[in-house]
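Text of run-v5.cif (mmCIF, C-alpha atoms) as supplied:
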data_work
loop_
_atom_site.label_atom_id
_atom_site.label_comp_id
_atom_site.auth_asym_id
_atom_site.auth_seq_id
_atom_site.Cartn_x
_atom_site.Cartn_y
_atom_site.Cartn_z
CA MET F 1 24.51 -21.19 -6.24
CA GLU F 2 23.70 -20.20 -9.83
CA PHE F 3 20.40 -22.12 -9.68
CA LEU F 4 19.09 -19.44 -7.28
CA TYR F 5 19.30 -16.82 -10.04
CA VAL F 6 17.20 -16.42 -13.19
CA LEU F 7 17.69 -14.19 -16.23
CA MET F 8 14.79 -11.85 -16.94
CA PRO F 9 14.19 -11.92 -20.75
CA ILE F 10 12.91 -8.36 -21.27
CA SER F 11 15.05 -6.28 -18.88
CA GLY F 12 18.14 -8.51 -19.33
CA VAL F 13 19.02 -8.57 -15.61
CA THR F 14 19.75 -11.65 -13.46
CA ILE F 15 17.52 -11.85 -10.35
CA PHE F 16 17.62 -13.84 -7.08
CA TRP F 17 14.30 -15.66 -7.63
CA PRO F 18 13.67 -16.74 -3.98
CA GLY F 19 13.58 -13.01 -3.22
CA LEU F 20 10.69 -12.66 -5.68
CA ILE F 21 8.75 -15.41 -3.89
CA ILE F 22 9.36 -13.84 -0.46
CA LEU F 23 8.21 -10.45 -1.77
CA GLY F 24 5.12 -11.93 -3.44
CA LEU F 25 3.93 -14.05 -0.50
CA GLY F 26 4.84 -11.53 2.19
CA VAL F 27 3.45 -8.46 0.46
CA GLY F 28 0.33 -10.43 -0.46
CA ILE F 29 -0.33 -10.84 3.27
CA ILE F 30 0.64 -7.25 4.06
CA GLY F 31 -1.31 -5.80 1.12
CA GLY F 32 -4.49 -7.68 2.00
CA PHE F 33 -4.13 -6.56 5.62
CA PHE F 34 -3.38 -2.86 5.03
CA GLY F 35 -5.77 -2.49 2.11
CA MET F 36 -3.23 -1.73 -0.59
CA GLY F 37 -1.31 -3.54 -3.27
CA GLY F 38 1.92 -3.45 -1.27
CA ALA F 39 3.72 -1.80 -4.18
CA TRP F 40 5.22 0.79 -1.84
CA MET F 41 7.36 -2.12 -0.60
CA ILE F 42 7.66 -4.16 -3.82
CA THR F 43 8.87 -1.40 -6.16
CA PRO F 44 11.83 -0.51 -3.91
CA GLY F 45 12.26 -4.26 -3.24
CA LEU F 46 12.51 -5.11 -6.96
CA ASN F 47 14.91 -2.22 -7.48
CA ILE F 48 17.02 -3.48 -4.57
CA LEU F 49 17.04 -7.01 -6.05
CA GLY F 50 18.45 -5.62 -9.32
CA PHE F 51 15.64 -4.36 -11.59
CA PRO F 52 16.07 -0.91 -13.21
CA MET F 53 13.52 1.45 -11.63
CA ALA F 54 11.25 1.72 -14.71
CA PHE F 55 11.03 -2.11 -14.91
CA ALA F 56 10.51 -2.35 -11.14
CA ILE F 57 7.52 0.00 -11.47
CA GLY F 58 5.94 -1.76 -14.47
CA THR F 59 6.51 -5.30 -13.14
CA ASP F 60 5.09 -4.46 -9.74
CA ILE F 61 1.96 -2.91 -11.20
CA ALA F 62 1.32 -6.03 -13.33
CA HIS F 63 1.69 -8.31 -10.29
CA MET F 64 -0.41 -5.99 -8.15
CA ALA F 65 -3.48 -6.03 -10.41
CA GLY F 66 -4.20 -9.75 -10.02
CA LYS F 67 -3.52 -9.85 -6.29
CA SER F 68 -5.75 -6.87 -5.56
CA LEU F 69 -8.64 -8.52 -7.39
CA VAL F 70 -8.45 -11.47 -4.97
CA SER F 71 -8.26 -9.19 -1.91
CA THR F 72 -11.16 -7.00 -3.08
CA MET F 73 -13.43 -10.02 -3.48
CA ARG F 74 -12.63 -11.15 0.07
CA HIS F 75 -13.20 -7.69 1.56
CA GLY F 76 -16.47 -7.39 -0.37
CA LYS F 77 -17.77 -10.48 1.43
CA PHE F 78 -17.03 -8.79 4.78
CA GLY F 79 -18.90 -5.62 3.72
CA ASN F 80 -15.69 -3.54 3.82
CA VAL F 81 -15.95 -2.00 0.32
CA ASP F 82 -17.74 1.28 -0.43
CA TYR F 83 -18.29 0.57 -4.12
CA ARG F 84 -20.06 3.89 -4.71
CA LEU F 85 -17.05 5.83 -3.45
CA GLY F 86 -14.70 3.57 -5.40
CA VAL F 87 -16.53 4.10 -8.71
CA ILE F 88 -16.50 7.90 -8.23
CA MET F 89 -12.73 7.82 -7.70
CA ILE F 90 -12.00 5.78 -10.84
CA VAL F 91 -11.99 8.80 -13.19
CA GLY F 92 -9.41 10.76 -11.22
CA THR F 93 -7.31 7.62 -10.63
CA VAL F 94 -7.01 6.68 -14.32
CA VAL F 95 -6.30 10.24 -15.57
CA GLY F 96 -3.75 10.87 -12.83
CA PHE F 97 -2.06 7.52 -13.47
CA GLU F 98 -1.46 8.23 -17.15
CA VAL F 99 -0.01 11.67 -16.35
CA GLY F 100 2.41 10.04 -13.88
CA ALA F 101 3.40 7.25 -16.30
CA GLN F 102 4.24 9.79 -19.01
CA MET F 103 6.44 11.66 -16.52
CA ILE F 104 8.36 8.42 -15.79
CA MET F 105 9.04 7.91 -19.52
CA TRP F 106 10.41 11.48 -19.67
CA LEU F 107 12.62 10.99 -16.59
CA GLU F 108 13.94 7.75 -18.09
CA ARG F 109 14.88 9.55 -21.32
CA ILE F 110 16.94 12.13 -19.42
CA GLY F 111 18.52 9.47 -17.19
CA LYS F 112 17.13 10.74 -13.86
CA VAL F 113 14.38 8.23 -13.08
CA ASP F 114 16.17 6.24 -10.34
CA LEU F 115 17.41 9.30 -8.44
CA TYR F 116 14.19 11.31 -8.60
CA VAL F 117 11.85 8.40 -7.82
CA ARG F 118 13.92 7.31 -4.81
CA TRP F 119 13.93 10.81 -3.35
CA MET F 120 10.17 11.09 -3.92
CA TYR F 121 9.76 7.82 -2.03
CA VAL F 122 11.84 9.16 0.88
CA CYS F 123 9.78 12.38 1.12
CA LEU F 124 6.43 10.63 0.75
CA LEU F 125 7.19 7.80 3.19
CA SER F 126 8.51 10.30 5.77
CA LEU F 127 5.33 12.39 5.50
CA ILE F 128 3.04 9.38 5.82
CA ALA F 129 4.96 7.93 8.78
CA TRP F 130 4.71 11.29 10.58
CA THR F 131 0.97 11.52 9.87
CA VAL F 132 0.25 8.00 11.15
CA PHE F 133 2.21 8.34 14.40
CA HIS F 134 0.95 11.90 14.99
CA ASP F 135 -2.58 10.54 14.69
CA ILE F 136 -1.79 7.68 17.11
CA ASN F 137 -0.35 10.12 19.67
CA LYS F 138 -3.36 12.44 19.35
CA ARG F 139 -5.74 9.51 19.86
CA LYS F 140 -3.84 8.35 22.97
CA GLN F 141 -4.07 11.89 24.34
CA LYS F 142 -7.85 11.87 23.80
CA ASP F 143 -8.10 8.51 25.58
CA ARG F 144 -6.15 9.86 28.58
CA GLU F 145 -8.29 13.00 28.77
CA ALA F 146 -11.51 11.01 28.51
CA LYS F 147 -10.35 8.55 31.18
CA ALA F 148 -9.48 11.44 33.54
CA ALA F 149 -12.98 12.87 32.99
CA GLY F 150 -14.63 9.48 33.55
CA LYS F 151 -15.78 9.21 29.95
CA GLU F 152 -15.11 6.85 27.06
CA VAL F 153 -13.86 7.86 23.59
CA ASP F 154 -15.84 6.61 20.59
CA LYS F 155 -14.05 3.54 19.15
CA LEU F 156 -14.33 5.00 15.64
CA ALA F 157 -12.87 8.38 16.65
CA THR F 158 -9.49 9.41 15.24
CA GLY F 159 -6.70 11.54 16.64
CA ILE F 160 -6.46 13.69 13.51
CA GLU F 161 -9.82 15.11 12.39
CA TRP F 162 -8.97 16.92 9.16
CA HIS F 163 -11.97 15.25 7.50
CA LYS F 164 -14.38 17.32 9.59
CA THR F 165 -13.10 20.50 7.93
CA ILE F 166 -13.31 18.96 4.45
CA HIS F 167 -16.89 17.77 5.08
CA LYS F 168 -17.88 21.43 5.57
CA LEU F 169 -17.19 22.07 1.88
CA ARG F 170 -20.67 22.05 0.31
CA ILE F 171 -19.73 22.33 -3.37
CA PRO F 172 -22.48 20.58 -5.39
CA PRO F 173 -23.17 17.94 -6.37
CA MET F 174 -23.14 16.23 -2.98
CA VAL F 175 -23.04 12.43 -2.67
CA ASN F 176 -24.36 10.28 0.17
CA LEU F 177 -21.86 7.48 0.92
CA LYS F 178 -23.98 5.22 3.12
CA VAL F 179 -21.35 2.48 3.59
CA SER F 180 -18.73 5.01 4.75
CA GLY F 181 -21.34 6.91 6.77
CA PHE F 182 -21.10 10.52 5.53
CA ILE F 183 -22.16 13.02 2.84
CA VAL F 184 -19.44 14.84 0.89
CA SER F 185 -18.93 16.98 -2.23
CA ILE F 186 -18.25 14.70 -5.20
CA TRP F 187 -15.24 16.86 -6.11
CA VAL F 188 -13.37 15.81 -2.96
CA PRO F 189 -12.95 12.10 -3.89
CA ILE F 190 -12.29 13.01 -7.54
CA LEU F 191 -9.45 15.41 -6.69
CA LEU F 192 -7.96 13.06 -4.09
CA SER F 193 -8.07 10.16 -6.55
CA PHE F 194 -6.32 12.25 -9.24
CA LEU F 195 -3.49 12.97 -6.79
CA THR F 196 -3.16 9.32 -5.80
CA GLY F 197 -3.33 8.21 -9.43
CA TRP F 198 -0.58 10.66 -10.40
CA LEU F 199 1.71 9.44 -7.61
CA ALA F 200 0.82 5.84 -8.50
CA GLY F 201 1.98 6.38 -12.08
CA ILE F 202 5.24 7.96 -10.94
CA LEU F 203 6.13 5.66 -8.04
CA GLY F 204 4.76 2.39 -9.41
CA ILE F 205 2.25 1.98 -6.61
CA GLY F 206 -1.45 1.24 -6.73
CA GLY F 207 -2.02 4.48 -4.85
CA GLY F 208 -2.88 2.64 -1.65
CA LEU F 209 0.15 4.01 0.16
CA ILE F 210 -1.44 7.45 0.11
CA ARG F 211 -5.06 6.62 -0.65
CA MET F 212 -5.70 4.71 2.56
CA PRO F 213 -4.39 7.55 4.78
CA MET F 214 -6.40 10.02 2.66
CA LEU F 215 -9.58 7.96 2.99
CA ILE F 216 -9.10 7.88 6.77
CA TYR F 217 -7.77 11.36 7.55
CA LEU F 218 -9.23 13.49 4.74
CA MET F 219 -12.43 11.60 3.84
CA GLY F 220 -13.28 10.26 7.31
CA CYS F 221 -13.81 6.60 6.36
CA PRO F 222 -13.64 4.01 9.18
CA THR F 223 -10.35 2.09 8.92
CA HIS F 224 -11.84 -1.23 7.77
CA ILE F 225 -13.93 0.55 5.06
CA ALA F 226 -10.84 2.48 3.93
CA VAL F 227 -8.95 -0.83 3.61
CA GLY F 228 -11.56 -2.52 1.41
CA THR F 229 -12.39 0.53 -0.73
CA ASP F 230 -8.73 1.26 -1.28
CA LEU F 231 -8.12 -2.28 -2.54
CA PHE F 232 -10.99 -1.82 -5.02
CA GLU F 233 -9.20 1.29 -6.34
CA VAL F 234 -5.83 -0.50 -6.37
CA MET F 235 -7.40 -3.20 -8.54
CA ILE F 236 -8.68 -0.61 -11.05
CA SER F 237 -5.46 1.40 -11.25
CA GLY F 238 -3.43 -1.82 -11.33
CA LEU F 239 -5.29 -3.23 -14.32
CA TYR F 240 -4.95 0.05 -16.19
CA GLY F 241 -1.33 0.49 -15.17
CA ALA F 242 -0.38 -3.06 -16.19
CA GLY F 243 -1.72 -2.35 -19.66
CA THR F 244 -0.01 1.00 -20.15
CA TYR F 245 3.40 -0.11 -18.80
CA THR F 246 3.33 -3.34 -20.83
CA TYR F 247 2.56 -1.29 -23.94
CA LYS F 248 5.60 0.87 -23.10
CA GLY F 249 7.79 -2.27 -22.81
CA ARG F 250 8.60 -1.84 -19.10
CA THR F 251 6.93 -4.95 -17.64
CA GLU F 252 8.82 -8.15 -16.79
CA LEU F 253 5.97 -10.68 -16.90
CA VAL F 254 8.12 -13.65 -15.75
CA ALA F 255 8.89 -11.91 -12.44
CA ALA F 256 5.28 -10.75 -12.09
CA MET F 257 4.00 -14.34 -12.47
CA ILE F 258 6.50 -15.68 -9.92
CA MET F 259 5.37 -13.10 -7.36
CA LEU F 260 1.67 -13.50 -8.15
CA VAL F 261 1.64 -17.18 -7.14
CA GLY F 262 2.69 -16.34 -3.58
CA ALA F 263 0.78 -13.07 -3.50
CA SER F 264 -2.59 -14.68 -4.28
CA ILE F 265 -2.19 -16.99 -1.27
CA GLY F 266 -0.89 -14.23 0.98
CA ALA F 267 -3.73 -11.87 0.08
CA GLN F 268 -6.28 -14.34 1.46
CA VAL F 269 -4.44 -14.47 4.81
CA GLY F 270 -4.05 -10.69 5.09
CA THR F 271 -7.68 -10.00 4.26
CA VAL F 272 -9.03 -12.46 6.84
CA ALA F 273 -6.66 -10.98 9.46
CA THR F 274 -8.49 -7.61 9.32
CA LYS F 275 -11.45 -9.40 10.90
CA TYR F 276 -9.44 -9.85 14.10
CA ILE F 277 -7.14 -6.79 14.10
CA LYS F 278 -9.09 -3.51 13.90
CA GLY F 279 -8.51 0.25 13.83
CA TYR F 280 -5.32 1.40 15.50
CA GLY F 281 -3.74 -2.05 15.47
CA ILE F 282 -3.70 -1.76 11.68
CA ARG F 283 -2.40 1.82 11.77
CA ILE F 284 0.51 1.09 14.12
CA ALA F 285 1.69 -1.86 12.02
CA PHE F 286 1.30 0.31 8.89
CA GLY F 287 3.46 3.07 10.38
CA ILE F 288 6.24 0.63 11.29
CA ALA F 289 6.19 -0.84 7.78
CA VAL F 290 6.46 2.62 6.19
CA MET F 291 9.44 3.56 8.37
CA GLY F 292 11.31 0.33 7.55
CA CYS F 293 10.71 0.72 3.83
CA ASN F 294 11.88 4.34 3.99
CA ILE F 295 15.18 3.34 5.63
CA SER F 296 15.84 0.76 2.89
CA VAL F 297 15.34 3.40 0.17
CA ILE F 298 17.68 5.84 1.96
CA MET F 299 20.34 3.10 2.07
CA LYS F 300 20.17 2.80 -1.73
CA LEU F 301 20.79 6.56 -2.03
CA ILE F 302 23.89 6.64 0.21
CA PRO F 303 26.40 5.39 -2.45
CA ARG F 304 25.56 8.41 -4.63
CA TYR F 305 27.03 10.66 -1.96
CA VAL F 306 29.51 8.40 -0.10
CA GLU F 307 32.00 6.46 -2.24
CA GLY F 308 32.84 2.84 -1.42
CA THR F 309 29.55 2.10 0.37
CA LYS F 310 27.55 0.46 -2.44
CA ALA F 311 28.31 -3.18 -1.54
CA ILE F 312 27.41 -2.85 2.15
CA THR F 313 24.33 -0.64 1.61
CA ASP F 314 23.00 -2.97 -1.12
CA MET F 315 23.34 -5.96 1.21
CA LEU F 316 21.81 -4.18 4.22
CA SER F 317 18.89 -2.75 2.23
CA THR F 318 18.11 -6.21 0.77
CA ILE F 319 18.20 -7.81 4.24
CA LEU F 320 16.02 -5.02 5.65
CA ILE F 321 13.30 -5.09 2.99
CA LEU F 322 13.03 -8.91 2.90
CA GLY F 323 13.27 -9.14 6.70
CA LEU F 324 10.59 -6.48 7.15
CA VAL F 325 8.23 -8.25 4.76
CA SER F 326 8.83 -11.61 6.49
CA LEU F 327 8.40 -10.31 10.07
CA LEU F 328 5.26 -8.29 9.32
CA SER F 329 3.74 -11.25 7.45
CA LEU F 330 4.50 -13.54 10.40
CA TYR F 331 2.96 -11.06 12.87
CA ILE F 332 -0.24 -10.74 10.81
CA PHE F 333 -0.50 -14.53 10.36
CA VAL F 334 -0.02 -15.22 14.08
CA ARG F 335 -2.61 -12.60 15.06
CA MET F 336 -5.07 -14.09 12.57
CA VAL F 337 -4.61 -17.59 14.02
CA GLN F 338 -5.01 -16.26 17.59
CA GLY F 339 -8.18 -14.39 16.65
CA ALA F 340 -9.65 -17.40 14.86
CA ARG F 341 -8.94 -19.67 17.84
CA ALA F 342 -10.56 -17.18 20.23
CA GLU F 343 -13.62 -16.96 17.99
CA VAL F 344 -13.95 -20.76 17.84
CA ALA F 345 -13.56 -21.05 21.64
CA GLN F 346 -16.21 -18.39 22.17
CA LYS F 347 -18.67 -20.18 19.89
CA LYS F 348 -18.05 -23.48 21.71
CA GLY F 349 -18.64 -21.73 25.05
CA ARG F 350 -22.02 -20.45 23.87
CA ALA F 351 -22.97 -23.89 22.61
#
Take the structure in the file and write it out as structure tokens.
Amino acid sequence: MEFLYVLMPISGVTIFWPGLIILGLGVGIIGGFFGMGGAWMITPGLNILGFPMAFAIGTDIAHMAGKSLVSTMRHGKFGNVDYRLGVIMIVGTVVGFEVGAQMIMWLERIGKVDLYVRWMYVCLLSLIAWTVFHDINKRKQKDREAKAAGKEVDKLATGIEWHKTIHKLRIPPMVNLKVSGFIVSIWVPILLSFLTGWLAGILGIGGGLIRMPMLIYLMGCPTHIAVGTDLFEVMISGLYGAGTYTYKGRTELVAAMIMLVGASIGAQVGTVATKYIKGYGIRIAFGIAVMGCNISVIMKLIPRYVEGTKAITDMLSTILILGLVSLLSLYIFVRMVQGARAEVAQKKGRA
């Protein structure tokens, strides 16, 4: 079965190349659907397949940049991108990214990069999963209360409403974001983008893992606008990140190109699927994906504390991450086909 493995020329590791294709195609679909590069699944996935963490980060960012460009163009056609908000956030994203990338180089020099980055992933994924499902529960509670009172909850309403408090901050200059539908202090998106850029540089993500929840819960963007705008930011940070990590010699371009072929196709499917799956359907699927990815990262940490478990945890974490990507991609694809068929049937009925 040696033909299923390929030697990576820069990192010097041998990789199961079908795993790269599954990650690229599957995360292309998932990334286009959730409005992020999918790096929060690919970086741990590459590490699980055998890449050292620094190379997993750099390679993923290089692959992510091209795929996000395709997804952003598709979302732009649907009117899902708030370009004004995206441009404002670029400054904070780029500065924060470089700070994070420099921290990774320091952690690599002291030999702590794998341990620290994995634990940061566990903490961050746990926090995001809690936020998403807490929001879903709060929204369901509002729906029950409204139904008991004979009323109907606004379809764009959220369970968590932290953004309403943030919108009260009137620190000039203020900016009117017409596409997103609100006015906010310009410092809010700049500070949030710096935080996401910093985490992106450290964790090897486009920032979408945290930027999309921030755009929804802290900025107050409708879910579909958050998806498109976030992808625009992922594209910018990805292009910058690909350059800086390649310069630092931590990008495996062969692996990035293998993944990009599948990812470019998958991104088209995921983007179109958002036309048929809206709001909380996206959030529930997102929460499940975060939880599954978190479990796979925890499995990779177990051998550090329990001797003799490395072989079984490596196998289980690989099965979990590839299985999660495959199942979520299949779910999104099926829902897209069902939505498209219903739309065609409705048009025929009107004719």
So which one's closest to Ser71 in chain F, F:Leu327, F:Leu316, F:Ile30, F:Met120? Using only C-alpha atoms, please. F:Ile30
Quick check on the file I pasted: which residues fall under the PyMOL selection byres ((chain F and resi 16-28) around 9)? Write them as a ChimeraX atom specification. /F:4-6,14-15,29-33,37-39,41-42,45-46,49-50,63-64,67-68,71,255-256,258-270,321-322,325-330
Atomic distance CA of Trp187 in chain F - CA of Gly58 in chain F, expressed in Å with one decimal: 29.4 Å
For each of F:Met105, F:Met219, F:Val290, F:Met212, take the minimum atom-to-atom distance to Val234 in chain F, counting all atoms listed in the file, then give the residue where this is smallest.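 Checking each candidate against Val234 in chain F, we get F:Met212 as the closest.
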Using all atoms listed in the file, I'd like a table of the residues in range 30-116 of chain F that come within 9 Å of range 225-233 of chain F; for each, show the closest atom pair and its distance in Å rounded to one decimal, ordered by chain and ascending number, as CSV.
residue,atom,partner,partner_atom,distance
F:Gly31,CA,F:Leu231,CA,8.5
F:Gly32,CA,F:Leu231,CA,7.9
F:Phe33,CA,F:Val227,CA,7.8
F:Phe34,CA,F:Val227,CA,6.1
F:Gly35,CA,F:Val227,CA,3.9
F:Met36,CA,F:Leu231,CA,5.3
F:Gly37,CA,F:Leu231,CA,7.0
F:Ser68,CA,F:Leu231,CA,6.0
F:Leu69,CA,F:Phe232,CA,7.5
F:Ser71,CA,F:Leu231,CA,6.9
F:Thr72,CA,F:Phe232,CA,5.5
F:Met73,CA,F:Phe232,CA,8.7
F:Arg74,CA,F:Gly228,CA,8.8
F:His75,CA,F:Gly228,CA,5.4
F:Gly76,CA,F:Gly228,CA,7.1
F:Phe78,CA,F:Gly228,CA,9.0
F:Gly79,CA,F:Ile225,CA,8.0
F:Asn80,CA,F:Ile225,CA,4.6
F:Val81,CA,F:Thr229,CA,4.5
F:Asp82,CA,F:Thr229,CA,5.4
F:Tyr83,CA,F:Thr229,CA,6.8
F:Leu85,CA,F:Thr229,CA,7.6
F:Gly86,CA,F:Glu233,CA,6.0
F:Val87,CA,F:Glu233,CA,8.2
F:Met89,CA,F:Glu233,CA,7.5
F:Ile90,CA,F:Glu233,CA,6.9
F:Thr93,CA,F:Glu233,CA,7.9
